[in-house]
>>> print(open('run-v3.txt').read())   # compact mmCIF, C-alpha atoms
# COMPACT_ATOMS: atom_id res chain seq x y z
CA MET A 1 0.00 0.00 0.00
CA LEU A 2 2.59 2.47 1.12
CA PHE A 3 5.04 1.20 -1.44
CA SER A 4 2.59 1.59 -4.32
CA ALA A 5 1.80 5.13 -3.16
CA ILE A 6 5.46 6.12 -3.15
CA VAL A 7 6.20 4.45 -6.47
CA SER A 8 3.13 5.77 -8.26
CA LEU A 9 3.57 9.38 -7.17
CA THR A 10 7.28 9.28 -7.96
CA MET A 11 6.53 7.81 -11.36
CA LEU A 12 3.82 10.40 -11.97
CA GLY A 13 6.18 13.23 -11.12
CA ALA A 14 8.99 11.78 -13.18
CA ILE A 15 6.79 11.17 -16.21
CA LEU A 16 5.22 14.63 -16.07
CA GLY A 17 8.66 16.20 -15.64
CA LEU A 18 10.03 14.22 -18.56
CA LEU A 19 7.02 15.15 -20.68
CA LEU A 20 7.45 18.83 -19.90
CA GLY A 21 11.17 18.63 -20.57
CA VAL A 22 10.62 17.01 -23.96
CA ALA A 23 7.80 19.43 -24.74
CA ALA A 24 9.99 22.39 -23.85
CA ARG A 25 12.53 21.14 -26.37
CA TYR A 26 10.07 20.46 -29.17
CA LEU A 27 7.86 23.47 -28.61
CA LYS A 28 10.70 25.91 -28.26
CA VAL A 29 9.85 29.32 -29.67
CA GLU A 30 12.59 31.10 -31.51
CA GLY A 31 12.35 34.67 -30.35
CA ASN A 32 13.73 37.47 -32.48
CA PRO A 33 17.51 37.04 -32.02
CA LEU A 34 17.97 40.78 -32.52
CA VAL A 35 15.90 41.51 -29.41
CA ALA A 36 18.17 39.29 -27.32
CA GLU A 37 21.27 40.96 -28.76
CA ILE A 38 19.93 44.45 -28.06
CA GLU A 39 19.02 43.43 -24.53
CA GLN A 40 22.64 42.41 -24.02
CA LEU A 41 23.71 45.95 -24.87
CA LEU A 42 21.30 47.60 -22.43
CA PRO A 43 22.25 47.99 -18.76
CA GLY A 44 19.67 45.43 -17.62
CA SER A 45 18.75 47.20 -14.40
CA GLN A 46 15.05 47.43 -15.43
CA CYS A 47 14.89 51.02 -14.14
CA GLY A 48 12.08 51.96 -16.53
CA GLN A 49 13.31 55.45 -17.32
CA CYS A 50 12.78 54.82 -21.03
CA GLY A 51 9.05 54.41 -20.39
CA PHE A 52 8.97 50.69 -21.15
CA ALA A 53 8.25 48.00 -18.60
CA GLY A 54 11.88 46.89 -18.52
CA CYS A 55 14.93 46.38 -20.67
CA THR A 56 13.18 43.60 -22.61
CA GLY A 57 10.35 45.93 -23.56
CA ALA A 58 12.83 48.58 -24.62
CA ALA A 59 14.78 46.05 -26.68
CA GLN A 60 11.56 44.97 -28.39
CA ALA A 61 10.68 48.56 -29.24
CA LEU A 62 14.20 49.21 -30.52
CA ALA A 63 14.04 46.13 -32.74
CA ASP A 64 10.68 47.26 -34.10
CA GLY A 65 12.16 50.66 -34.85
CA THR A 66 9.61 52.48 -32.72
CA ALA A 67 12.11 53.83 -30.21
CA PRO A 68 15.15 56.06 -30.76
CA ALA A 69 18.66 54.82 -30.02
CA GLY A 70 19.04 57.39 -27.24
CA LEU A 71 16.21 56.09 -25.12
CA CYS A 72 18.36 54.78 -22.30
CA PRO A 73 19.40 57.58 -19.92
CA PRO A 74 21.60 55.44 -17.65
CA GLY A 75 23.34 53.94 -20.69
CA GLY A 76 24.33 57.42 -21.90
CA ARG A 77 26.48 58.01 -24.89
CA ALA A 78 28.23 54.65 -24.93
CA VAL A 79 25.04 52.57 -25.07
CA MET A 80 23.53 54.99 -27.58
CA GLN A 81 26.46 54.57 -29.93
CA ALA A 82 26.47 50.81 -29.53
CA LEU A 83 22.73 50.65 -30.26
CA ALA A 84 23.04 52.88 -33.29
CA ALA A 85 25.85 50.72 -34.64
CA LYS A 86 23.89 47.53 -34.01
CA LEU A 87 20.71 48.82 -35.64
CA GLY A 88 22.42 50.72 -38.43
CA ILE A 89 20.67 53.98 -37.60
CA GLU A 90 21.90 57.48 -37.03
CA ALA A 91 22.28 58.44 -33.41
CA ASP A 92 21.71 62.07 -32.57
CA LEU A 93 24.60 62.62 -30.20
CA SER A 94 24.23 66.40 -29.99
CA GLY A 95 21.68 66.27 -27.17
CA VAL A 96 23.81 64.02 -25.03
CA GLU A 97 26.19 66.16 -23.09
CA ASP A 98 27.36 63.93 -20.29
CA ASN A 99 30.07 61.69 -21.51
CA VAL A 100 31.28 60.96 -18.04
CA PRO A 101 30.15 57.86 -16.23
CA MET A 102 28.04 58.86 -13.24
CA MET A 103 27.18 57.23 -9.97
CA ALA A 104 24.97 58.08 -7.02
CA GLU A 105 26.66 59.68 -4.07
CA ILE A 106 25.25 60.24 -0.60
CA LYS A 107 26.04 63.35 1.40
CA GLU A 108 26.46 61.85 4.83
CA GLU A 109 25.83 65.08 6.70
CA ILE A 110 22.23 65.38 5.48
CA CYS A 111 21.28 61.72 5.07
CA ILE A 112 18.58 60.91 7.64
CA GLY A 113 18.63 57.16 7.12
CA CYS A 114 15.07 56.89 5.83
CA THR A 115 15.92 53.82 3.62
CA ARG A 116 13.82 55.13 0.72
CA CYS A 117 16.69 55.15 -1.77
CA PHE A 118 17.78 51.76 -0.57
CA LYS A 119 14.33 50.33 -1.34
CA VAL A 120 14.03 51.70 -4.88
CA CYS A 121 17.54 50.82 -6.04
CA PRO A 122 17.15 48.26 -8.85
CA THR A 123 20.68 46.93 -8.52
CA ASP A 124 20.96 46.79 -4.71
CA ALA A 125 23.81 49.25 -4.95
CA ILE A 126 22.77 51.13 -1.82
CA MET A 127 23.47 49.61 1.54
CA GLY A 128 21.98 50.83 4.79
CA ALA A 129 19.38 50.43 7.50
CA ALA A 130 16.80 52.63 9.19
CA GLN A 131 18.38 55.56 11.04
CA GLN A 132 21.79 54.67 9.66
CA ILE A 133 23.71 56.56 7.03
CA HIS A 134 23.60 54.76 3.68
CA VAL A 135 26.43 54.12 1.29
CA VAL A 136 26.59 53.45 -2.46
CA PHE A 137 28.62 50.65 -3.99
CA ARG A 138 30.44 52.04 -6.97
CA GLU A 139 30.61 48.69 -8.77
CA ALA A 140 26.87 48.09 -8.63
CA CYS A 141 25.50 51.59 -9.29
CA THR A 142 24.18 52.14 -12.82
CA ALA A 143 23.30 55.82 -12.30
CA CYS A 144 19.64 55.28 -13.07
CA GLY A 145 18.71 58.18 -10.81
CA LYS A 146 15.81 56.50 -9.01
CA CYS A 147 17.30 57.22 -5.59
CA GLU A 148 17.67 60.88 -6.48
CA GLU A 149 13.91 61.15 -7.02
CA VAL A 150 12.84 59.62 -3.72
CA CYS A 151 15.37 61.24 -1.38
CA PRO A 152 13.49 63.62 0.95
CA THR A 153 16.58 65.63 1.90
CA GLU A 154 18.26 65.68 -1.52
CA SER A 155 21.30 64.03 -0.07
CA VAL A 156 21.59 61.55 -2.96
CA LYS A 157 22.94 63.12 -6.13
CA LEU A 158 24.37 61.69 -9.28
CA GLN A 159 28.01 62.66 -9.51
CA PRO A 160 30.73 61.88 -12.03
CA ILE A 161 32.68 58.87 -10.81
CA PRO A 162 35.89 60.17 -9.25
CA ALA A 163 39.00 58.63 -10.70
CA THR A 164 40.79 56.34 -8.28
CA LEU A 165 43.98 54.38 -8.62
CA GLN A 166 41.88 51.37 -9.59
CA SER A 167 39.64 53.06 -12.14
CA TRP A 168 41.99 55.53 -13.83
CA HIS A 169 43.32 54.61 -17.23
CA TRP A 170 45.03 56.31 -20.11
CA PRO A 171 42.57 58.10 -22.37
CA LYS A 172 41.94 56.14 -25.53
CA PRO A 173 43.77 57.56 -28.59
CA GLN A 174 40.50 58.04 -30.48
CA GLN A 175 39.06 60.29 -27.79
CA VAL A 176 42.24 62.36 -27.74
CA ALA A 177 41.97 62.84 -31.51
CA GLU A 178 38.32 63.84 -31.19
CA GLY A 179 39.19 66.32 -28.48
CA ALA A 180 42.00 67.82 -30.56
CA ALA A 181 39.70 68.19 -33.57
CA ALA A 182 37.11 69.96 -31.47
CA MET B 183 -28.48 17.10 -24.74
CA SER B 184 -30.91 18.97 -22.52
CA GLU B 185 -29.25 17.28 -19.56
CA TYR B 186 -25.92 18.88 -20.47
CA LEU B 187 -27.51 22.25 -21.09
CA LEU B 188 -29.12 22.08 -17.70
CA LEU B 189 -25.77 21.13 -16.19
CA LEU B 190 -24.08 24.11 -17.88
CA LEU B 191 -26.77 26.44 -16.61
CA GLY B 192 -26.61 24.93 -13.15
CA THR B 193 -22.83 25.25 -12.82
CA ALA B 194 -22.56 28.67 -14.46
CA LEU B 195 -25.41 30.43 -12.68
CA VAL B 196 -27.00 28.48 -9.85
CA ASN B 197 -23.85 27.02 -8.33
CA ASN B 198 -21.55 29.76 -9.54
CA VAL B 199 -18.01 28.89 -8.62
CA VAL B 200 -17.07 32.36 -7.36
CA LEU B 201 -20.23 33.88 -5.93
CA VAL B 202 -21.96 30.81 -4.54
CA LYS B 203 -19.12 28.38 -3.81
CA PHE B 204 -16.58 31.11 -3.02
CA LEU B 205 -13.73 29.48 -4.92
CA GLY B 206 -11.18 31.40 -6.97
CA LEU B 207 -11.63 34.68 -5.16
CA CYS B 208 -8.02 35.81 -5.69
CA PRO B 209 -8.27 36.42 -9.46
CA PHE B 210 -11.83 37.67 -8.88
CA MET B 211 -10.54 40.51 -6.71
CA GLY B 212 -7.09 40.79 -8.25
CA VAL B 213 -7.62 40.90 -12.01
CA SER B 214 -10.88 42.82 -12.13
CA LYS B 215 -9.56 46.32 -12.66
CA LYS B 216 -9.58 46.31 -16.45
CA MET B 217 -11.90 44.69 -18.94
CA ASP B 218 -9.30 43.10 -21.24
CA GLY B 219 -7.39 41.64 -18.32
CA ALA B 220 -10.55 40.11 -16.89
CA LEU B 221 -11.49 38.65 -20.25
CA GLY B 222 -7.98 37.21 -20.68
CA MET B 223 -8.10 35.67 -17.23
CA GLY B 224 -11.54 34.24 -17.89
CA MET B 225 -10.50 32.71 -21.20
CA ALA B 226 -7.33 31.23 -19.77
CA THR B 227 -9.20 29.79 -16.79
CA THR B 228 -11.87 28.29 -19.04
CA PHE B 229 -9.20 26.58 -21.08
CA VAL B 230 -7.24 25.24 -18.12
CA LEU B 231 -10.24 24.27 -16.00
CA THR B 232 -11.77 22.16 -18.76
CA LEU B 233 -8.46 20.48 -19.50
CA ALA B 234 -7.67 19.97 -15.83
CA THR B 235 -11.03 18.34 -15.06
CA ALA B 236 -10.38 15.84 -17.86
CA ALA B 237 -6.83 15.16 -16.66
CA THR B 238 -7.82 14.76 -13.03
CA TRP B 239 -10.74 12.47 -13.89
CA MET B 240 -8.35 10.17 -15.76
CA LEU B 241 -5.88 10.31 -12.89
CA GLU B 242 -8.53 9.51 -10.32
CA HIS B 243 -10.09 6.63 -12.20
CA TRP B 244 -7.04 5.10 -13.82
CA LEU B 245 -4.40 5.52 -11.14
CA LEU B 246 -5.66 6.51 -7.71
CA LEU B 247 -8.72 4.22 -7.54
CA PRO B 248 -7.06 1.02 -8.88
CA LEU B 249 -4.15 1.45 -6.47
CA GLY B 250 -6.39 2.46 -3.58
CA ILE B 251 -4.42 5.59 -2.78
CA GLN B 252 -7.20 8.16 -2.82
CA TYR B 253 -5.68 9.87 0.21
CA LEU B 254 -3.00 11.27 -2.11
CA ARG B 255 -5.66 12.89 -4.27
CA ILE B 256 -4.92 16.55 -3.50
CA LEU B 257 -1.18 16.10 -3.94
CA ALA B 258 -1.55 14.20 -7.21
CA PHE B 259 -4.15 16.64 -8.56
CA ILE B 260 -1.97 19.66 -7.87
CA LEU B 261 0.93 17.95 -9.60
CA VAL B 262 -1.14 17.21 -12.68
CA ILE B 263 -2.79 20.65 -12.75
CA ALA B 264 0.56 22.43 -12.54
CA ALA B 265 1.97 20.26 -15.32
CA THR B 266 -1.15 20.84 -17.45
CA VAL B 267 -0.89 24.59 -17.04
CA GLN B 268 2.80 24.55 -17.93
CA PHE B 269 2.20 22.38 -20.96
CA THR B 270 -0.74 24.51 -22.10
CA GLU B 271 1.40 27.61 -21.86
CA MET B 272 4.08 26.05 -24.06
CA VAL B 273 1.59 24.83 -26.65
CA ILE B 274 -0.16 28.20 -26.85
CA ARG B 275 3.12 30.01 -27.10
CA LYS B 276 4.13 27.82 -30.01
CA THR B 277 0.88 27.64 -31.91
CA SER B 278 -0.76 31.00 -31.29
CA PRO B 279 1.46 33.95 -30.33
CA GLY B 280 -1.57 36.26 -30.51
CA LEU B 281 -3.47 34.30 -27.87
CA TYR B 282 -0.27 34.03 -25.83
CA GLN B 283 0.00 37.82 -25.83
CA VAL B 284 -3.58 38.12 -24.59
CA LEU B 285 -3.36 35.46 -21.88
CA GLY B 286 0.21 36.40 -21.04
CA ILE B 287 0.96 36.31 -17.36
CA TYR B 288 -2.48 34.99 -16.43
CA LEU B 289 -1.78 31.46 -17.61
CA PRO B 290 0.84 30.51 -14.99
CA LEU B 291 -1.23 32.25 -12.31
CA ILE B 292 -4.04 29.76 -12.82
CA THR B 293 -1.96 27.03 -11.17
CA THR B 294 -2.75 28.71 -7.88
CA ASN B 295 -6.43 29.33 -8.66
CA CYS B 296 -8.26 27.24 -6.07
CA ALA B 297 -11.28 26.93 -8.36
CA VAL B 298 -9.32 24.54 -10.57
CA LEU B 299 -8.49 22.16 -7.73
CA GLY B 300 -11.89 22.74 -6.14
CA ILE B 301 -13.84 21.72 -9.23
CA ALA B 302 -11.67 18.64 -9.69
CA LEU B 303 -12.29 17.58 -6.08
CA LEU B 304 -16.03 18.29 -6.34
CA ASN B 305 -16.19 16.09 -9.44
CA VAL B 306 -14.70 13.23 -7.44
CA GLN B 307 -17.02 13.88 -4.54
CA GLU B 308 -20.11 13.82 -6.74
CA LYS B 309 -18.87 10.72 -8.61
CA ASN B 310 -19.41 12.30 -12.04
CA GLY B 311 -18.70 10.44 -15.27
CA PHE B 312 -16.13 11.68 -17.79
CA MET B 313 -18.38 13.76 -20.03
CA HIS B 314 -20.32 14.94 -17.01
CA SER B 315 -17.06 16.07 -15.34
CA LEU B 316 -15.97 17.84 -18.48
CA MET B 317 -19.23 19.78 -18.74
CA TYR B 318 -19.13 20.51 -15.03
CA GLY B 319 -15.64 22.04 -15.41
CA PHE B 320 -16.57 23.94 -18.56
CA GLY B 321 -19.77 25.28 -17.05
CA SER B 322 -18.01 26.41 -13.91
CA ALA B 323 -15.37 28.15 -15.99
CA LEU B 324 -18.07 29.89 -18.02
CA GLY B 325 -19.63 31.05 -14.78
CA PHE B 326 -16.24 32.27 -13.60
CA THR B 327 -15.72 34.28 -16.80
CA LEU B 328 -19.23 35.73 -16.62
CA VAL B 329 -18.77 36.86 -13.04
CA MET B 330 -15.32 38.27 -13.76
CA LEU B 331 -16.75 40.38 -16.57
CA LEU B 332 -19.74 41.51 -14.52
CA PHE B 333 -17.60 42.49 -11.57
CA THR B 334 -15.04 44.26 -13.74
CA GLY B 335 -17.80 46.29 -15.36
CA LEU B 336 -19.01 47.30 -11.92
CA ARG B 337 -15.53 48.20 -10.71
CA VAL B 338 -14.81 50.27 -13.79
CA ARG B 339 -17.92 52.29 -13.00
CA LEU B 340 -17.02 52.41 -9.32
CA ALA B 341 -13.74 54.06 -10.22
CA LEU B 342 -15.72 57.09 -11.41
CA ALA B 343 -18.24 57.08 -8.57
CA GLN B 344 -17.97 59.28 -5.51
CA VAL B 345 -17.22 56.79 -2.76
CA PRO B 346 -16.71 57.90 0.85
CA SER B 347 -12.99 57.90 1.48
CA ALA B 348 -13.20 55.20 4.14
CA PHE B 349 -14.75 52.86 1.57
CA SER B 350 -12.81 53.78 -1.57
CA GLY B 351 -10.69 51.16 -3.25
CA ALA B 352 -10.77 47.57 -2.01
CA PRO B 353 -13.48 47.94 0.69
CA ILE B 354 -16.19 49.06 -1.73
CA GLY B 355 -15.01 46.27 -4.03
CA PHE B 356 -15.71 43.73 -1.31
CA VAL B 357 -19.10 45.27 -0.58
CA VAL B 358 -20.01 45.08 -4.27
CA ALA B 359 -18.82 41.48 -4.44
CA GLY B 360 -21.06 40.65 -1.49
CA LEU B 361 -24.08 42.28 -3.14
CA LEU B 362 -23.32 40.47 -6.38
CA SER B 363 -23.16 37.21 -4.45
CA LEU B 364 -26.54 37.95 -2.86
CA ALA B 365 -27.94 38.62 -6.32
CA PHE B 366 -26.64 35.25 -7.55
CA MET B 367 -28.32 33.51 -4.63
CA GLY B 368 -31.51 34.46 -6.44
CA PHE B 369 -30.73 31.81 -9.08
CA ALA B 370 -31.11 29.05 -6.48
CA GLY B 371 -33.74 26.59 -7.61
CA LEU B 372 -33.58 27.68 -11.27
CA ALA B 373 -32.06 24.42 -12.47
CA GLY B 374 -32.27 21.31 -10.42
CA HIS B 375 -28.63 20.48 -9.93
>>> encode(input="run-v3.txt", output="structure tokens")
Amino acid sequence: MLFSAIVSLTMLGAILGLLLGVAARYLKVEGNPLVAEIEQLLPGSQCGQCGFAGCTGAAQALADGTAPAGLCPPGGRAVMQALAAKLGIEADLSGVEDNVPMMAEIKEEICIGCTRCFKVCPTDAIMGAAQQIHVVFREACTACGKCEEVCPTESVKLQPIPATLQSWHWPKPQQVAEGAAA
Amino acid sequence: MSEYLLLLLGTALVNNVVLVKFLGLCPFMGVSKKMDGALGMGMATTFVLTLATAATWMLEHWLLLPLGIQYLRILAFILVIAATVQFTEMVIRKTSPGLYQVLGIYLPLITTNCAVLGIALLNVQEKNGFMHSLMYGFGSALGFTLVMLLFTGLRVRLALAQVPSAFSGAPIGFVVAGLLSLAFMGFAGLAGH
């Protein structure tokens, strides 16, 4: 009695699992490969600043040609150029002034530890607890600006990432040439 | 034929799954803000409920009864229902992207709709035959869709009504659901099921 119960339920689970596994292989839907490629280029933090539900929605719109290449504010100039190159469209770079990578920075003297920024951060880049001063992890911050909107004391601001010994590098030759031409 | 019609009427109106049996209240309250969402949920539930009643009938009569392990019914039914939903989602995604767009996120949510398990268990309890079970499931699902649409229509109008602030939002929704349920009690005795 007990044995048959164990065996039959195990078999049922195994058969259903196998069936689903096989079905998943045979019924696989080939999505538009371009959408997947575009999604790879986007930051992937699902911040929603472009007005789409997430980076997948934005990638879909880009592939359909209904969205401009410069739709991703956190991506900035670099993502815009990459998208334009991938889609073969002209990117209007004139409106994009900030070429510098940004990150959120917390002014400790006016942070009240309300945890609002910490809750909205899509990449968990802000660490903190109630009534404690919060900090931002440079590696995880994508400069989406969500924390800036919710901060009641305006202590979170997007700032250009300061160069440190770890992050500084020689300027690329191309950029130097561009700068000289301008 | 008239027997099946009567059964459909009985399950859809008289013994309505949401308003009389109080099953599947989560999608009833949750997905009744917009008309197209409610319709999508209703269609998806109709599809899954009919399929799941067939699958669970076969499971009950071909596996659980011969082996005498009816006490595992709920466990086995949930297993089969979840697999059915998953499989349905894959098939729809492959064969009809348009329908998949409409049903979208509602399909996987049906796994946790207690109406699906409830109807399957009621079928066992009432010792229904295969076709009878199928019509019972289909009728219940039709009733579910009908009530979803009715309630959504009411809520859409409620959004524009001047509701006292203590009642606005979910509370007035619950009050309306209760009144709707009272109204459906009026069908009692319409069809003898």
>>> atom_distance(input="run-v3.txt", atom1="CA of Gly319 in chain B", atom2="CA of Thr293 in chain B")
15.2 Å
>>> closest_residue(input="run-v3.txt", among="A:Leu27, A:Leu62, A:Ile15, A:Ala140", to="chain B", atoms="only C-alpha atoms")
A:Leu27
>>> interface_residues(input="run-v3.txt", of="chain A", to="chain B", cutoff="9 Å", atoms="only C-alpha atoms", output="ChimeraX atom specification")
/A:1-2,4-5,8-9,12-13,16-17,19-20,23-24,27-29
>>> atom_distance(input="run-v3.txt", atom1="CA of Ala352 in chain B", atom2="CA of Leu364 in chain B")
18.5 Å
>>> closest_residue(input="run-v3.txt", among="B:Val196, B:Leu247, B:Ala297, B:Val202", to="Thr235 in chain B", atoms="all atoms listed in the file")
B:Ala297
>>> residues_around(input="run-v3.txt", residues="Gln40 in chain A", least_positions_apart="2", cutoff="12 Å", atoms="only C-alpha atoms", output="list in words")
Pro33, Leu34, Val35, Ala36, Glu37, Ile38, Leu42, Pro43, Gly44, Ser45, Cys55, Thr56, Ala58, Ala59, Val79, Ala82, Leu83 and Lys86 of chain A
>>> atom_distance(input="run-v3.txt", atom1="CA of His243 in chain B", atom2="CA of Tyr318 in chain B")
16.8 Å
>>> residues_around(input="run-v3.txt", residues="Phe52 in chain A", least_positions_apart="4", cutoff="12 Å", atoms="only C-alpha atoms", output="NGL selection string")
:A and (46-48 or 56-62 or 66-67 or 71-72)
